[in-house]
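K.L.:
The file below is query_6.txt, compact mmCIF, C-alpha atoms:
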```txt
# COMPACT_ATOMS: atom_id res chain seq x y z
CA MET A 7 -92.79 6.32 67.92
CA PRO A 8 -90.10 7.14 70.50
CA LEU A 9 -91.12 9.43 73.36
CA ARG A 10 -88.61 12.07 72.26
CA ALA A 11 -90.25 12.23 68.82
CA VAL A 12 -93.74 12.48 70.35
CA ILE A 13 -92.66 15.39 72.53
CA ALA A 14 -91.07 17.15 69.55
CA ASP A 15 -94.30 16.66 67.57
CA ILE A 16 -96.40 18.09 70.41
CA ARG A 17 -94.10 21.11 70.75
CA GLN A 18 -94.28 21.75 67.00
CA LYS A 19 -98.08 21.55 67.01
CA MET A 20 -98.23 23.93 69.97
CA ALA A 21 -96.08 26.39 68.02
CA ASP A 22 -98.08 25.91 64.80
CA TYR A 23 -101.42 26.54 66.51
CA GLY A 24 -100.31 29.05 69.15
CA ILE A 25 -101.26 26.77 72.04
CA THR A 26 -99.88 27.68 75.47
CA LEU A 27 -99.18 25.49 78.49
CA ASP A 28 -101.90 27.36 80.38
CA GLU A 29 -104.42 26.29 77.75
CA LEU A 30 -103.32 22.66 78.06
CA GLN A 31 -103.44 22.66 81.85
CA GLY A 32 -106.64 24.66 82.29
CA PRO A 33 -110.25 23.66 81.69
CA VAL A 34 -111.35 23.15 78.10
CA ARG A 35 -112.90 26.31 76.72
CA LYS A 36 -113.75 27.76 73.35
CA ARG A 37 -111.24 30.12 71.79
CA LYS A 38 -112.27 33.64 70.80
CA GLY A 39 -113.19 34.30 67.21
CA GLY A 40 -114.59 31.04 66.00
CA GLY A 41 -115.93 28.83 68.69
CA GLY A 42 -115.40 25.12 68.53
CA SER A 43 -113.05 23.20 66.32
CA GLY A 44 -114.98 23.73 63.12
CA ALA A 45 -114.99 19.98 62.57
CA LYS A 46 -117.83 18.62 60.47
CA PRO A 47 -120.08 15.95 61.98
CA GLY A 48 -118.58 12.50 61.56
CA ARG A 49 -115.06 13.82 61.04
CA THR A 50 -112.29 13.94 63.57
CA GLY A 51 -109.96 16.85 64.16
CA ARG A 52 -107.10 14.56 63.16
CA GLN A 53 -108.49 14.25 59.63
CA GLU A 54 -108.87 18.00 59.27
CA ASN A 55 -105.44 18.65 60.75
CA GLY A 56 -103.97 16.19 58.25
CA GLU A 57 -105.66 18.01 55.39
CA ALA A 58 -104.41 21.36 56.69
CA GLU A 59 -100.88 19.97 57.04
CA LYS A 60 -100.92 18.76 53.43
CA GLY A 61 -102.04 22.24 52.34
CA ARG A 62 -99.23 23.88 54.31
CA GLU A 63 -96.68 21.47 52.87
CA ALA A 64 -97.84 22.26 49.34
CA GLN A 65 -97.62 26.00 50.01
CA GLU A 66 -94.14 25.63 51.50
CA LYS A 67 -93.00 23.72 48.40
CA ALA A 68 -94.38 26.59 46.32
CA GLY A 69 -92.18 29.04 48.25
CA ALA A 70 -94.25 30.13 51.25
CA LYS A 71 -92.32 30.57 54.49
CA ARG A 72 -93.37 28.58 57.56
CA GLU A 73 -93.80 31.81 59.55
CA ALA A 74 -96.70 32.74 57.28
CA PHE A 75 -98.80 30.02 58.94
CA LEU A 76 -98.35 31.24 62.52
CA ILE A 77 -101.44 32.45 64.32
CA LYS A 78 -100.93 36.05 65.32
CA ARG A 79 -102.18 36.98 68.79
CA LYS A 80 -103.37 40.46 69.65
```
Now that the file is in, can you turn its structure into structure tokens?
P.N.:
Amino acid sequence: MPLRAVIADIRQKMADYGITLDELQGPVRKRKGGGGSGAKPGRTGRQENGEAEKGREAQEKAGAKREAFLIKRK
């Protein structure tokens, strides 16, 4: 995958999950309101993210707007 495409993918994921540069550059810490990634033992985050992406794609095809999936910060 070309570097330009990788960077675009990272930027999109940051927007989708509400990740900031400060969070990427700082120490790893748990986010408020859930703790941990929620991943089940033996499963990687990549598998769960893939499943979530398929669910979002299906909802978008059914008419949901992409903005509906944004994480709202207080």
K.L.:
Could you check the closest approach to Arg17 in chain A for each of A:Glu63, A:Leu30, A:Lys78, A:Ala70 and tell me which residue wins, using only C-alpha atoms?
P.N.:
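Closest candidate: A:Leu30.
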K.L.:
Identify, on the basis of all atoms listed in the file, every residue whose closest approach to range 72-77 of chain A does not exceed 10 Å; exclude the query and any residue fewer than 4 positions from it along the same chain; express the result as a PyMOL selection string.
P.N.:
chain A and resi 21-25+62-63+65-66
K.L.:
Find the distance between CA of Gln18 in chain A and CA of Gly61 in chain A and write it in Å to one decimal.
P.N.:
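Computed distance, CA of Gln18 in chain A to CA of Gly61 in chain A, equals 16.6 Å.
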K.L.:
Measure the distance from CA of Ile16 in chain A to CA of Arg79 in chain A in Å and round it to one decimal.
P.N.:
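Answer for the CA of Ile16 in chain A to CA of Arg79 in chain A separation: 19.8 Å.
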